[in-house]
file work.cif (mmCIF, C-alpha atoms and all ligand atoms)
data_model
loop_
_atom_site.label_atom_id
_atom_site.label_comp_id
_atom_site.auth_asym_id
_atom_site.auth_seq_id
_atom_site.Cartn_x
_atom_site.Cartn_y
_atom_site.Cartn_z
CA MET A 168 35.46 -1.13 -52.94
CA GLN A 169 34.27 -1.14 -56.57
CA SER A 170 30.76 -1.92 -57.77
CA THR A 171 30.33 -4.30 -60.72
CA THR A 172 29.77 -1.42 -63.12
CA GLN A 173 33.11 0.18 -62.18
CA VAL A 174 35.11 -2.97 -62.82
CA ASN A 175 36.56 -3.54 -66.28
CA TRP A 176 35.71 -7.25 -66.48
CA GLN A 177 37.07 -7.58 -70.01
CA SER A 178 40.52 -6.40 -68.99
CA ILE A 179 40.42 -8.73 -65.97
CA ARG A 180 39.86 -11.60 -68.34
CA GLU A 181 43.13 -10.68 -70.03
CA ASP A 182 44.92 -11.43 -66.73
CA PHE A 183 44.22 -15.17 -67.18
CA PRO A 184 46.54 -16.59 -69.86
CA ILE A 185 44.93 -20.04 -69.84
CA LEU A 186 41.55 -18.73 -70.99
CA HIS A 187 42.89 -17.67 -74.36
CA GLN A 188 43.18 -20.99 -76.12
CA GLN A 189 41.21 -23.31 -78.36
CA VAL A 190 39.97 -26.73 -77.29
CA HIS A 191 38.97 -29.19 -80.02
CA GLY A 192 39.35 -26.27 -82.42
CA LYS A 193 36.83 -24.09 -80.53
CA PRO A 194 37.45 -21.16 -78.16
CA LEU A 195 37.65 -22.50 -74.60
CA ILE A 196 34.70 -21.70 -72.34
CA TYR A 197 35.76 -22.58 -68.82
CA PHE A 198 32.71 -23.17 -66.63
CA ASP A 199 34.35 -25.42 -64.03
CA SER A 200 35.67 -22.90 -61.52
CA ALA A 201 33.78 -24.49 -58.61
CA ALA A 202 36.07 -27.49 -59.07
CA SER A 203 39.16 -25.31 -59.48
CA SER A 204 39.51 -21.73 -60.62
CA GLN A 205 42.05 -20.47 -63.13
CA LYS A 206 45.06 -18.39 -62.08
CA PRO A 207 45.83 -14.78 -62.94
CA ARG A 208 49.28 -13.77 -64.11
CA ALA A 209 49.86 -12.03 -60.75
CA VAL A 210 49.74 -15.40 -58.96
CA ILE A 211 51.87 -17.20 -61.54
CA ASP A 212 54.42 -14.35 -61.33
CA ALA A 213 54.46 -14.44 -57.51
CA LEU A 214 55.32 -18.16 -57.58
CA ARG A 215 58.04 -17.60 -60.15
CA HIS A 216 59.45 -14.61 -58.23
CA TYR A 217 59.52 -16.57 -54.99
CA TYR A 218 61.45 -19.47 -56.55
CA GLU A 219 63.76 -17.20 -58.55
CA HIS A 220 64.65 -14.87 -55.66
CA ASP A 221 63.55 -15.85 -52.17
CA HIS A 222 63.36 -19.60 -51.64
CA ALA A 223 64.90 -21.34 -48.63
CA ASN A 224 63.39 -23.22 -45.71
CA VAL A 225 61.45 -21.11 -43.23
CA HIS A 226 61.72 -20.40 -39.52
CA ARG A 227 65.02 -22.08 -38.75
CA GLY A 228 67.63 -20.34 -40.88
CA LEU A 229 69.85 -17.43 -40.00
CA HIS A 230 70.68 -16.42 -43.53
CA VAL A 231 69.13 -13.88 -45.85
CA LEU A 232 67.11 -16.23 -48.05
CA SER A 233 65.64 -18.05 -45.08
CA THR A 234 64.65 -14.75 -43.53
CA ARG A 235 63.04 -13.62 -46.78
CA ALA A 236 61.18 -16.91 -47.22
CA THR A 237 59.95 -16.74 -43.63
CA GLU A 238 58.80 -13.16 -44.08
CA ALA A 239 56.98 -14.03 -47.30
CA TYR A 240 55.31 -17.07 -45.71
CA GLU A 241 54.22 -15.16 -42.61
CA ALA A 242 53.08 -12.18 -44.70
CA ALA A 243 50.79 -14.59 -46.56
CA ARG A 244 49.35 -15.75 -43.22
CA ALA A 245 48.71 -12.12 -42.25
CA LYS A 246 46.89 -11.60 -45.56
CA VAL A 247 44.62 -14.57 -44.84
CA ALA A 248 43.92 -13.24 -41.34
CA THR A 249 42.94 -9.82 -42.72
CA TYR A 250 40.93 -11.41 -45.53
CA LEU A 251 38.81 -13.29 -42.97
CA ASN A 252 38.96 -10.55 -40.31
CA ALA A 253 40.44 -12.99 -37.78
CA ALA A 254 41.39 -11.49 -34.43
CA SER A 255 44.99 -12.73 -34.73
CA VAL A 256 47.36 -14.24 -37.30
CA ASP A 257 47.82 -17.14 -34.86
CA GLU A 258 44.27 -18.22 -35.67
CA ILE A 259 45.29 -19.07 -39.26
CA ILE A 260 46.74 -22.51 -39.95
CA PHE A 261 47.97 -23.30 -43.43
CA THR A 262 46.61 -26.58 -44.77
CA ARG A 263 46.50 -28.35 -48.12
CA GLY A 264 42.92 -27.18 -48.53
CA THR A 265 39.40 -27.48 -47.17
CA THR A 266 39.56 -31.26 -46.87
CA GLU A 267 42.68 -31.15 -44.74
CA GLY A 268 41.32 -28.31 -42.59
CA ILE A 269 38.20 -30.31 -41.74
CA ASN A 270 40.23 -33.48 -41.07
CA LEU A 271 42.51 -31.45 -38.80
CA VAL A 272 39.55 -30.37 -36.65
CA ALA A 273 38.12 -33.90 -36.59
CA ASN A 274 41.44 -35.44 -35.57
CA THR A 275 42.38 -32.89 -32.91
CA TRP A 276 39.38 -31.09 -31.43
CA GLY A 277 37.07 -33.99 -32.29
CA VAL A 278 39.22 -36.78 -30.84
CA LYS A 279 39.83 -34.82 -27.66
CA PHE A 280 36.33 -33.57 -26.98
CA LEU A 281 33.81 -35.99 -28.50
CA ARG A 282 32.42 -38.91 -26.52
CA GLU A 283 29.96 -41.73 -27.07
CA GLY A 284 26.44 -40.37 -27.35
CA ASP A 285 27.54 -36.91 -28.54
CA VAL A 286 26.04 -35.70 -31.80
CA ILE A 287 27.72 -34.14 -34.84
CA LEU A 288 25.17 -32.14 -36.80
CA LEU A 289 25.69 -31.80 -40.56
CA THR A 290 23.36 -31.00 -43.43
CA GLU A 291 22.20 -33.21 -46.27
CA MET A 292 24.01 -31.01 -48.80
CA GLU A 293 27.56 -31.53 -47.51
CA HIS A 294 30.46 -32.34 -49.81
CA HIS A 295 32.10 -35.67 -48.95
CA SER A 296 34.93 -33.60 -47.41
CA ASN A 297 32.53 -32.42 -44.75
CA LEU A 298 30.95 -35.83 -44.22
CA VAL A 299 33.52 -38.62 -44.38
CA PRO A 300 35.89 -37.11 -41.74
CA TRP A 301 32.93 -36.98 -39.33
CA GLN A 302 31.91 -40.56 -40.16
CA LEU A 303 35.48 -41.64 -39.32
CA LEU A 304 35.38 -39.63 -36.11
CA ALA A 305 32.00 -41.10 -35.16
CA GLU A 306 33.36 -44.62 -35.64
CA ARG A 307 36.31 -43.75 -33.44
CA THR A 308 34.47 -41.98 -30.63
CA GLY A 309 30.95 -43.47 -30.64
CA ALA A 310 29.46 -40.09 -31.56
CA ARG A 311 26.42 -40.04 -33.85
CA LEU A 312 25.66 -38.03 -36.99
CA ARG A 313 22.50 -36.05 -37.62
CA PHE A 314 21.50 -34.13 -40.73
CA VAL A 315 19.50 -30.99 -41.39
CA PRO A 316 17.25 -31.95 -44.33
CA VAL A 317 17.41 -30.26 -47.71
CA ARG A 318 14.03 -29.20 -49.12
CA GLU A 319 12.80 -29.70 -52.65
CA ASP A 320 13.88 -26.15 -53.57
CA GLY A 321 17.48 -26.83 -52.49
CA THR A 322 17.38 -24.80 -49.27
CA LEU A 323 17.82 -26.15 -45.75
CA GLU A 324 14.79 -27.14 -43.70
CA LEU A 325 15.58 -24.60 -41.00
CA GLY A 326 12.36 -25.38 -39.14
CA ALA A 327 13.90 -28.74 -38.21
CA LEU A 328 16.74 -27.08 -36.29
CA ASP A 329 14.76 -26.88 -33.04
CA SER A 330 14.44 -30.64 -32.86
CA LEU A 331 17.91 -31.42 -34.28
CA LEU A 332 20.10 -28.89 -32.51
CA THR A 333 19.75 -30.31 -29.03
CA SER A 334 22.16 -30.19 -26.09
CA GLU A 335 23.78 -33.48 -27.27
CA VAL A 336 25.10 -31.67 -30.35
CA LYS A 337 28.76 -30.79 -29.82
CA LEU A 338 29.56 -29.71 -33.36
CA PHE A 339 27.54 -28.21 -36.20
CA SER A 340 29.49 -28.32 -39.45
CA PHE A 341 27.94 -27.04 -42.66
CA THR A 342 28.76 -25.56 -46.03
CA HIS A 343 28.47 -21.85 -46.74
CA ILE A 344 27.59 -22.34 -50.43
CA SER A 345 26.50 -25.71 -51.81
CA ASN A 346 28.79 -26.97 -54.58
CA SER A 347 25.97 -28.74 -56.43
CA LEU A 348 22.86 -26.63 -55.71
CA GLY A 349 24.40 -23.18 -55.35
CA THR A 350 22.38 -22.58 -52.16
CA ILE A 351 23.80 -19.87 -49.89
CA ASN A 352 23.26 -20.87 -46.28
CA PRO A 353 22.57 -18.31 -43.53
CA VAL A 354 25.93 -18.81 -41.82
CA ALA A 355 25.59 -16.24 -39.03
CA ASP A 356 22.17 -17.61 -38.00
CA LEU A 357 23.40 -21.20 -38.03
CA CYS A 358 26.47 -20.32 -35.96
CA ALA A 359 24.30 -18.43 -33.47
CA ALA A 360 21.96 -21.43 -33.20
CA ALA A 361 24.95 -23.71 -32.54
CA ARG A 362 26.31 -21.34 -29.92
CA ALA A 363 22.93 -21.24 -28.17
CA VAL A 364 23.21 -24.97 -27.36
CA GLY A 365 26.93 -24.79 -26.57
CA ALA A 366 27.97 -26.47 -29.84
CA VAL A 367 31.07 -25.55 -31.82
CA SER A 368 30.51 -24.43 -35.43
CA LEU A 369 32.59 -25.18 -38.50
CA VAL A 370 31.98 -23.49 -41.86
CA ASP A 371 33.06 -25.17 -45.09
CA ALA A 372 33.95 -22.09 -47.12
CA ALA A 373 35.36 -23.95 -50.14
CA GLN A 374 32.75 -22.39 -52.46
CA SER A 375 32.54 -19.02 -50.78
CA ALA A 376 36.00 -17.83 -49.77
CA GLY A 377 36.83 -16.46 -53.23
CA HIS A 378 33.33 -15.26 -53.96
CA VAL A 379 31.79 -13.38 -51.02
CA PRO A 380 33.13 -11.17 -48.23
CA ILE A 381 33.82 -13.28 -45.14
CA ASP A 382 34.21 -11.89 -41.64
CA VAL A 383 34.67 -14.75 -39.20
CA ARG A 384 33.96 -12.55 -36.21
CA ALA A 385 30.74 -11.14 -37.65
CA LEU A 386 29.69 -14.66 -38.69
CA GLY A 387 30.46 -15.93 -35.20
CA CYS A 388 31.99 -19.20 -36.40
CA ASP A 389 34.50 -21.24 -34.41
CA PHE A 390 36.26 -22.85 -37.39
CA LEU A 391 36.26 -22.05 -41.11
CA ALA A 392 38.13 -23.96 -43.80
CA PHE A 393 38.85 -23.04 -47.42
CA SER A 394 41.02 -23.99 -50.42
CA GLY A 395 43.34 -21.63 -52.29
CA HIS A 396 42.91 -23.32 -55.68
CA LYS A 397 39.22 -22.37 -55.88
CA MET A 398 40.02 -18.68 -55.43
CA CYS A 399 42.78 -17.97 -57.98
CA GLY A 400 45.51 -19.49 -55.79
CA PRO A 401 47.73 -22.53 -56.33
CA THR A 402 46.70 -26.11 -55.61
CA GLY A 403 47.92 -27.74 -52.40
CA ILE A 404 47.35 -24.73 -50.15
CA GLY A 405 44.42 -23.55 -48.06
CA ALA A 406 43.78 -22.37 -44.56
CA LEU A 407 41.87 -23.26 -41.47
CA TYR A 408 40.66 -20.45 -39.22
CA GLY A 409 40.10 -21.47 -35.61
CA ARG A 410 39.11 -19.30 -32.66
CA ALA A 411 42.17 -18.92 -30.41
CA GLU A 412 40.47 -20.34 -27.35
CA LEU A 413 39.65 -23.56 -29.20
CA LEU A 414 43.04 -23.89 -30.89
CA ASP A 415 44.80 -23.45 -27.54
CA ALA A 416 42.94 -26.45 -26.16
CA MET A 417 43.61 -28.72 -29.14
CA PRO A 418 46.34 -31.35 -29.23
CA PRO A 419 48.67 -31.61 -32.26
CA TRP A 420 47.71 -33.84 -35.16
CA HIS A 421 50.91 -34.45 -37.11
CA GLY A 422 54.17 -34.69 -35.20
CA GLY A 423 57.55 -33.60 -36.53
CA GLY A 424 59.84 -30.63 -36.93
CA GLU A 425 58.73 -27.03 -36.40
CA MET A 426 55.80 -27.86 -34.10
CA ILE A 427 57.81 -28.63 -30.94
CA LEU A 428 59.19 -26.57 -28.09
CA SER A 429 61.52 -29.27 -26.79
CA VAL A 430 62.08 -32.96 -27.46
CA THR A 431 63.62 -35.76 -25.43
CA TYR A 432 63.79 -39.39 -26.50
CA GLU A 433 60.69 -40.02 -24.41
CA LYS A 434 58.52 -36.97 -24.77
CA SER A 435 57.95 -33.62 -26.46
CA THR A 436 56.28 -30.35 -25.68
CA TYR A 437 54.58 -28.31 -28.36
CA LYS A 438 54.39 -24.77 -29.64
CA GLN A 439 51.15 -22.80 -29.70
CA SER A 440 49.02 -22.36 -32.81
CA PRO A 441 49.69 -22.07 -35.68
CA GLN A 442 53.08 -23.86 -35.47
CA ARG A 443 51.61 -26.65 -33.35
CA PHE A 444 49.51 -27.66 -36.36
CA GLU A 445 52.12 -27.17 -39.08
CA ALA A 446 54.61 -30.00 -38.65
CA GLY A 447 57.44 -30.25 -41.16
CA THR A 448 58.46 -27.95 -43.99
CA PRO A 449 55.30 -26.16 -45.06
CA ASN A 450 54.11 -25.39 -48.56
CA ILE A 451 55.91 -22.04 -48.59
CA ALA A 452 55.68 -21.15 -52.27
CA ASP A 453 51.98 -21.89 -52.55
CA ALA A 454 51.24 -19.90 -49.39
CA VAL A 455 52.99 -16.99 -51.09
CA GLY A 456 50.86 -17.68 -54.18
CA LEU A 457 47.72 -17.67 -52.03
CA GLY A 458 48.77 -14.29 -50.63
CA ALA A 459 49.06 -12.99 -54.20
CA ALA A 460 45.62 -14.42 -55.00
CA ILE A 461 44.14 -12.58 -52.03
CA ASP A 462 45.74 -9.31 -53.15
CA TYR A 463 44.36 -9.88 -56.63
CA ILE A 464 40.82 -10.66 -55.46
CA GLU A 465 40.85 -7.73 -53.08
CA SER A 466 41.93 -5.39 -55.90
CA ILE A 467 38.58 -6.22 -57.55
CA GLY A 468 36.51 -6.59 -54.38
CA ARG A 469 34.50 -9.58 -53.22
CA SER A 470 31.17 -7.72 -53.27
CA ALA A 471 31.65 -6.84 -56.94
CA ILE A 472 32.72 -10.43 -57.67
CA PHE A 473 29.65 -11.82 -55.95
CA GLU A 474 27.31 -9.46 -57.80
CA HIS A 475 28.96 -10.33 -61.11
CA ASP A 476 28.88 -14.10 -60.58
CA ALA A 477 25.32 -14.14 -59.19
CA ALA A 478 24.15 -12.16 -62.25
CA LEU A 479 25.78 -14.75 -64.53
CA ALA A 480 24.16 -17.58 -62.55
CA ALA A 481 20.70 -15.98 -62.77
CA TYR A 482 21.14 -15.43 -66.51
CA ALA A 483 22.23 -19.05 -66.99
CA GLN A 484 19.42 -20.33 -64.79
CA ASP A 485 16.80 -18.55 -66.95
CA GLY A 486 18.40 -19.72 -70.18
CA LEU A 487 18.71 -23.33 -69.04
CA ALA A 488 15.17 -23.46 -67.67
CA ALA A 489 13.89 -22.41 -71.12
CA LEU A 490 15.56 -25.41 -72.84
CA PRO A 491 13.22 -28.35 -73.50
CA GLY A 492 13.79 -31.31 -71.17
CA VAL A 493 16.16 -29.41 -68.90
CA ARG A 494 15.53 -28.95 -65.17
CA VAL A 495 17.56 -26.58 -63.02
CA LEU A 496 18.22 -27.50 -59.39
CA GLY A 497 18.55 -25.19 -56.44
CA PRO A 498 17.06 -21.86 -55.38
CA ARG A 499 16.99 -18.51 -57.20
CA GLN A 500 19.25 -16.85 -54.62
CA ARG A 501 22.48 -18.66 -55.38
CA GLY A 502 26.23 -18.46 -55.71
CA GLY A 503 27.88 -18.47 -59.12
CA LEU A 504 26.95 -21.96 -60.23
CA VAL A 505 24.01 -23.80 -61.77
CA GLY A 506 23.37 -27.54 -61.56
CA PHE A 507 20.89 -29.04 -63.98
CA VAL A 508 19.67 -32.28 -65.50
CA MET A 509 18.89 -32.94 -69.13
CA GLU A 510 16.29 -35.70 -69.50
CA ALA A 511 17.80 -37.05 -72.70
CA ALA A 512 21.42 -37.37 -71.54
CA HIS A 513 23.45 -38.74 -68.66
CA PRO A 514 25.62 -35.96 -67.14
CA HIS A 515 28.80 -37.76 -68.23
CA ASP A 516 27.61 -37.98 -71.85
CA LEU A 517 26.48 -34.37 -71.86
CA THR A 518 29.77 -33.16 -70.39
CA THR A 519 31.74 -35.12 -73.00
CA TYR A 520 29.54 -33.64 -75.74
CA ALA A 521 30.11 -30.12 -74.37
CA ASP A 522 33.87 -30.67 -74.26
CA GLN A 523 33.85 -31.42 -77.99
CA HIS A 524 32.57 -27.85 -78.43
CA GLY A 525 35.22 -26.28 -76.20
CA LEU A 526 32.86 -26.02 -73.23
CA ALA A 527 34.23 -27.26 -69.89
CA LEU A 528 31.35 -28.34 -67.63
CA ARG A 529 31.38 -30.89 -64.83
CA GLY A 530 29.06 -33.90 -64.74
CA GLY A 531 28.56 -36.46 -61.98
CA HIS A 532 27.76 -36.60 -58.29
CA HIS A 533 30.05 -33.65 -57.38
CA CYS A 534 31.14 -35.44 -54.19
CA ASN A 535 27.51 -35.22 -53.04
CA GLN A 536 26.51 -38.87 -53.43
CA PRO A 537 23.96 -38.96 -50.57
CA LEU A 538 22.29 -35.78 -51.83
CA MET A 539 22.08 -37.12 -55.40
CA ARG A 540 20.56 -40.33 -54.03
CA LYS A 541 18.03 -38.33 -52.04
CA MET A 542 17.08 -36.36 -55.16
CA GLY A 543 16.81 -39.62 -57.13
CA LEU A 544 19.46 -38.56 -59.64
CA PRO A 545 22.53 -40.38 -60.97
CA GLY A 546 24.22 -36.99 -60.97
CA THR A 547 23.87 -33.53 -62.46
CA THR A 548 25.69 -31.32 -64.91
CA ARG A 549 27.16 -28.17 -63.43
CA ALA A 550 28.20 -24.87 -64.98
CA SER A 551 30.17 -22.79 -62.50
CA PHE A 552 31.24 -19.23 -63.09
CA TYR A 553 33.87 -16.81 -61.91
CA PHE A 554 34.53 -13.15 -62.54
CA TYR A 555 36.46 -13.89 -65.76
CA ASN A 556 33.37 -15.40 -67.41
CA THR A 557 30.95 -13.48 -69.60
CA LYS A 558 27.30 -13.48 -70.65
CA ALA A 559 28.46 -14.12 -74.23
CA GLU A 560 29.99 -17.40 -73.02
CA ILE A 561 26.68 -18.35 -71.40
CA ASP A 562 24.88 -17.59 -74.68
CA ARG A 563 27.32 -19.92 -76.42
CA MET A 564 26.76 -22.59 -73.76
CA LEU A 565 22.99 -22.37 -74.29
CA GLU A 566 23.46 -22.82 -78.06
CA ILE A 567 25.64 -25.88 -77.47
CA LEU A 568 23.15 -27.36 -75.00
CA GLU A 569 20.21 -26.67 -77.30
CA ALA A 570 22.01 -28.66 -79.98
CA ALA A 571 22.72 -31.34 -77.37
CA VAL A 572 19.00 -31.69 -76.60
CA ARG A 573 18.39 -32.46 -80.28
CA PHE A 574 21.45 -34.70 -80.53
CA PHE A 575 20.57 -36.90 -77.56
CA ALA A 576 16.84 -37.03 -78.35
CA ALA A 577 17.55 -38.28 -81.89
C1 LIG B 1 31.69 -27.41 -50.67
C2 LIG B 1 33.04 -28.05 -50.80
N1 LIG B 1 33.66 -28.49 -49.70
C3 LIG B 1 34.88 -29.05 -49.74
C4 LIG B 1 35.53 -29.23 -50.93
C5 LIG B 1 36.88 -29.87 -50.94
O1 LIG B 1 37.85 -28.96 -51.33
P1 LIG B 1 39.36 -29.49 -51.57
O2 LIG B 1 39.26 -30.65 -52.51
O3 LIG B 1 40.04 -28.30 -52.18
O4 LIG B 1 39.91 -29.86 -50.24
C6 LIG B 1 34.92 -28.82 -52.11
C7 LIG B 1 35.58 -29.05 -53.42
O5 LIG B 1 34.95 -29.14 -54.44
C8 LIG B 1 33.64 -28.20 -52.04
O6 LIG B 1 33.03 -27.79 -53.15
#

call {"tool": "encode", "arguments": {"input": "work.cif", "output": "structure tokens", "more": "lines below"}}
Ligand SMILES: Cc1ncc(COP(=O)(O)O)c(C=O)c1O
result
Amino acid sequence: MQSTTQVNWQSIREDFPILHQQVHGKPLIYFDSAASSQKPRAVIDALRHYYEHDHANVHRGLHVLSTRATEAYEAARAKVATYLNAASVDEIIFTRGTTEGINLVANTWGVKFLREGDVILLTEMEHHSNLVPWQLLAERTGARLRFVPVREDGTLELGALDSLLTSEVKLFSFTHISNSLGTINPVADLCAAARAVGAVSLVDAAQSAGHVPIDVRALGCDFLAFSGHKMCGPTGIGALYGRAELLDAMPPWHGGGEMILSVTYEKSTYKQSPQRFEAGTPNIADAVGLGAAIDYIESIGRSAIFEHDAALAAYAQDGLAALPGVRVLGPRQRGGLVGFVMEAAHPHDLTTYADQHGLALRGGHHCNQPLMRKMGLPGTTRASFYFYNTKAEIDRMLEILEAAVRFFAA
């Protein structure tokens, strides 16, 4: 494992071809990695290699290419299992991403086990992906939703857990790192609190999987979902971790090829996890790409990445807070992103202005509409960082935003 000082961050930046271009005649500054990260050459090459040498359908062929494709696909699953320290590869289900992983749990575990009067506990900072599937499930089952409040400083009101996490709660689903506030939630404590009342826990790791070490057994979570595209991998691939005992008890969601043991015209029997939850031809190439992304991230080390990104976020937070009419949201201890509001400009206008200077920010509600409403904001502007970003880019962002303050106030 390397520390930040041992990593050659400048040479890592060279691994990302897309970063070396001009936008509107200015050098690109990409500060939108929380929405989707950029891809290193190693991942692009792995996709190309797979399609140029190994592609065929998986699991059912008895020829060389099918065997190679199957081995590559299953090797990627093993990499995810090791990355998360899962007890078994069978606990890893490939999905399209975090959203699909959460919907899978809602539509299988949720439909089977939730009843009228049961409670699904969420937090007020959840992304729509970790809210809407539970609203749909509640409508279907008669379960109710409850929310752990978010305090003024962007952290969870943990004191409210005693009254919220009652025996009626069957599921506690929450984000590891908030995509709009940057807040890092105490996952192990929240999972332990859920376990204490017999509730199942689900961690939305969309903003953490590529940024911090994750050990599902040490965290004590029952489910954890993440997206490959936010951690150097391709779009359209992610994974759901589920504890074996829970997966074994869950019915299938999608029906089709690959997930069955035997089929008659009337009825079918199903394989165990993970095949039970992967009907049809899977996204083989992008799973292979995700495996390459994991190798790449691990060659740097997630602790070094976290240190690097948190240092950038702290530097940006200080710089932004010093700009007139700018307010930074969220706590000091944060992941690699900073959300802020500029009094003089709507986030959409500010983001468009920044784009004209080559600076890619994101403005809007960030799929956190209820949280924005609670904070009384139409939205925020977000700068999100990854290990290929630099302090010099943040300095440039601050110059652009300082000019924006003057521009919009005029
Ligand atoms: C916290 C959080 N959860 C879930 C998601 C959804 O991820 P995806 O769109 O890759 O399924 C996102 C994406 O921004 C996110 O930030």

call {"tool": "residues_near_ligand", "arguments": {"input": "work.cif", "ligand": "ligand LIG 1 (chain B)", "cutoff": "7 Å", "atoms": "all atoms listed in the file", "output": "PyMOL selection string"}}
result
chain A and resi 201-202+264-267+293-294+296-297+342+344-346+371-374+394+396

call {"tool": "write_last_selection", "arguments": {"input": "work.cif", "atoms": "C-alpha atoms", "output": "compact mmCIF listing (two decimals), in the frame of the given file"}}
result
# COMPACT_ATOMS: atom_id res chain seq x y z
CA ALA A 201 33.78 -24.49 -58.61
CA ALA A 202 36.07 -27.49 -59.07
CA GLY A 264 42.92 -27.18 -48.53
CA THR A 265 39.40 -27.48 -47.17
CA THR A 266 39.56 -31.26 -46.87
CA GLU A 267 42.68 -31.15 -44.74
CA GLU A 293 27.56 -31.53 -47.51
CA HIS A 294 30.46 -32.34 -49.81
CA SER A 296 34.93 -33.60 -47.41
CA ASN A 297 32.53 -32.42 -44.75
CA THR A 342 28.76 -25.56 -46.03
CA ILE A 344 27.59 -22.34 -50.43
CA SER A 345 26.50 -25.71 -51.81
CA ASN A 346 28.79 -26.97 -54.58
CA ASP A 371 33.06 -25.17 -45.09
CA ALA A 372 33.95 -22.09 -47.12
CA ALA A 373 35.36 -23.95 -50.14
CA GLN A 374 32.75 -22.39 -52.46
CA SER A 394 41.02 -23.99 -50.42
CA HIS A 396 42.91 -23.32 -55.68

call {"tool": "residues_around", "arguments": {"input": "work.cif", "residues": "Thr448 (chain A)", "least_positions_apart": "3", "cutoff": "10 Å", "atoms": "all atoms listed in the file", "output": "VMD selection string"}}
result
chain A and resid 224 to 226 423 to 425 445 451

call {"tool": "write_last_selection", "arguments": {"input": "work.cif", "atoms": "C-alpha atoms", "output": "PDB file, in the coordinates of the input"}}
result
ATOM      1  CA  ASN A 224      63.390 -23.220 -45.710  1.00  0.00           C
ATOM      2  CA  VAL A 225      61.450 -21.110 -43.230  1.00  0.00           C
ATOM      3  CA  HIS A 226      61.720 -20.400 -39.520  1.00  0.00           C
ATOM      4  CA  GLY A 423      57.550 -33.600 -36.530  1.00  0.00           C
ATOM      5  CA  GLY A 424      59.840 -30.630 -36.930  1.00  0.00           C
ATOM      6  CA  GLU A 425      58.730 -27.030 -36.400  1.00  0.00           C
ATOM      7  CA  GLU A 445      52.120 -27.170 -39.080  1.00  0.00           C
ATOM      8  CA  ILE A 451      55.910 -22.040 -48.590  1.00  0.00           C
TER       9      ILE A 451
END

call {"tool": "closest_residue", "arguments": {"input": "work.cif", "among": "A:Tyr217, A:Trp420, A:Phe198, A:Phe554", "to": "Val379 (chain A)", "atoms": "only C-alpha atoms"}}
result
A:Phe554

call {"tool": "residues_around", "arguments": {"input": "work.cif", "residues": "Gly326 (chain A)", "least_positions_apart": "3", "cutoff": "10 Å", "atoms": "all atoms listed in the file", "output": "number ranges by chain"}}
result
A: 315-316, 323, 329-331

call {"tool": "closest_residue", "arguments": {"input": "work.cif", "among": "A:His295, A:Lys397, A:Arg282, A:Lys541", "to": "Ile269 (chain A)", "atoms": "all atoms listed in the file"}}
result
A:His295

call {"tool": "atom_distance", "arguments": {"input": "work.cif", "atom1": "CA of Leu457 (chain A)", "atom2": "CA of Lys246 (chain A)"}}
result
8.9 Å

call {"tool": "residues_around", "arguments": {"input": "work.cif", "residues": "Pro441 (chain A)", "least_positions_apart": "2", "cutoff": "10 Å", "atoms": "all atoms listed in the file", "output": "JSON, numbers by chain"}}
result
{"A": [244, 256, 257, 258, 259, 260, 261, 407, 408, 409, 411, 414, 415, 426, 438, 439, 443, 444, 445, 446]}

call {"tool": "write_last_selection", "arguments": {"input": "work.cif", "atoms": "C-alpha atoms", "output": "mmCIF file, in the frame of the given file"}}
result
data_model
loop_
_atom_site.group_PDB
_atom_site.id
_atom_site.type_symbol
_atom_site.label_atom_id
_atom_site.label_comp_id
_atom_site.auth_asym_id
_atom_site.auth_seq_id
_atom_site.Cartn_x
_atom_site.Cartn_y
_atom_site.Cartn_z
ATOM 1 C CA ARG A 244 49.350 -15.750 -43.220
ATOM 2 C CA VAL A 256 47.360 -14.240 -37.300
ATOM 3 C CA ASP A 257 47.820 -17.140 -34.860
ATOM 4 C CA GLU A 258 44.270 -18.220 -35.670
ATOM 5 C CA ILE A 259 45.290 -19.070 -39.260
ATOM 6 C CA ILE A 260 46.740 -22.510 -39.950
ATOM 7 C CA PHE A 261 47.970 -23.300 -43.430
ATOM 8 C CA LEU A 407 41.870 -23.260 -41.470
ATOM 9 C CA TYR A 408 40.660 -20.450 -39.220
ATOM 10 C CA GLY A 409 40.100 -21.470 -35.610
ATOM 11 C CA ALA A 411 42.170 -18.920 -30.410
ATOM 12 C CA LEU A 414 43.040 -23.890 -30.890
ATOM 13 C CA ASP A 415 44.800 -23.450 -27.540
ATOM 14 C CA MET A 426 55.800 -27.860 -34.100
ATOM 15 C CA LYS A 438 54.390 -24.770 -29.640
ATOM 16 C CA GLN A 439 51.150 -22.800 -29.700
ATOM 17 C CA ARG A 443 51.610 -26.650 -33.350
ATOM 18 C CA PHE A 444 49.510 -27.660 -36.360
ATOM 19 C CA GLU A 445 52.120 -27.170 -39.080
ATOM 20 C CA ALA A 446 54.610 -30.000 -38.650
#

call {"tool": "atom_distance", "arguments": {"input": "work.cif", "atom1": "CA of Arg235 (chain A)", "atom2": "CA of Ile211 (chain A)"}}
result
18.9 Å

call {"tool": "residues_around", "arguments": {"input": "work.cif", "residues": "Ala483 (chain A)", "least_positions_apart": "4", "cutoff": "10 Å", "atoms": "all atoms listed in the file", "output": "list in words"}}
result
Ala477, Ala478, Leu479, Leu487, Ala488, Ala489, Val495, Gly503, Leu504, Val505, Ala550, Ser551, Phe552, Lys558, Glu560, Ile561, Asp562, Met564 and Leu565 of chain A

call {"tool": "closest_residue", "arguments": {"input": "work.cif", "among": "A:Tyr555, A:Tyr240, A:Tyr218, A:Trp176", "to": "Gly458 (chain A)", "atoms": "all atoms listed in the file"}}
result
A:Tyr240
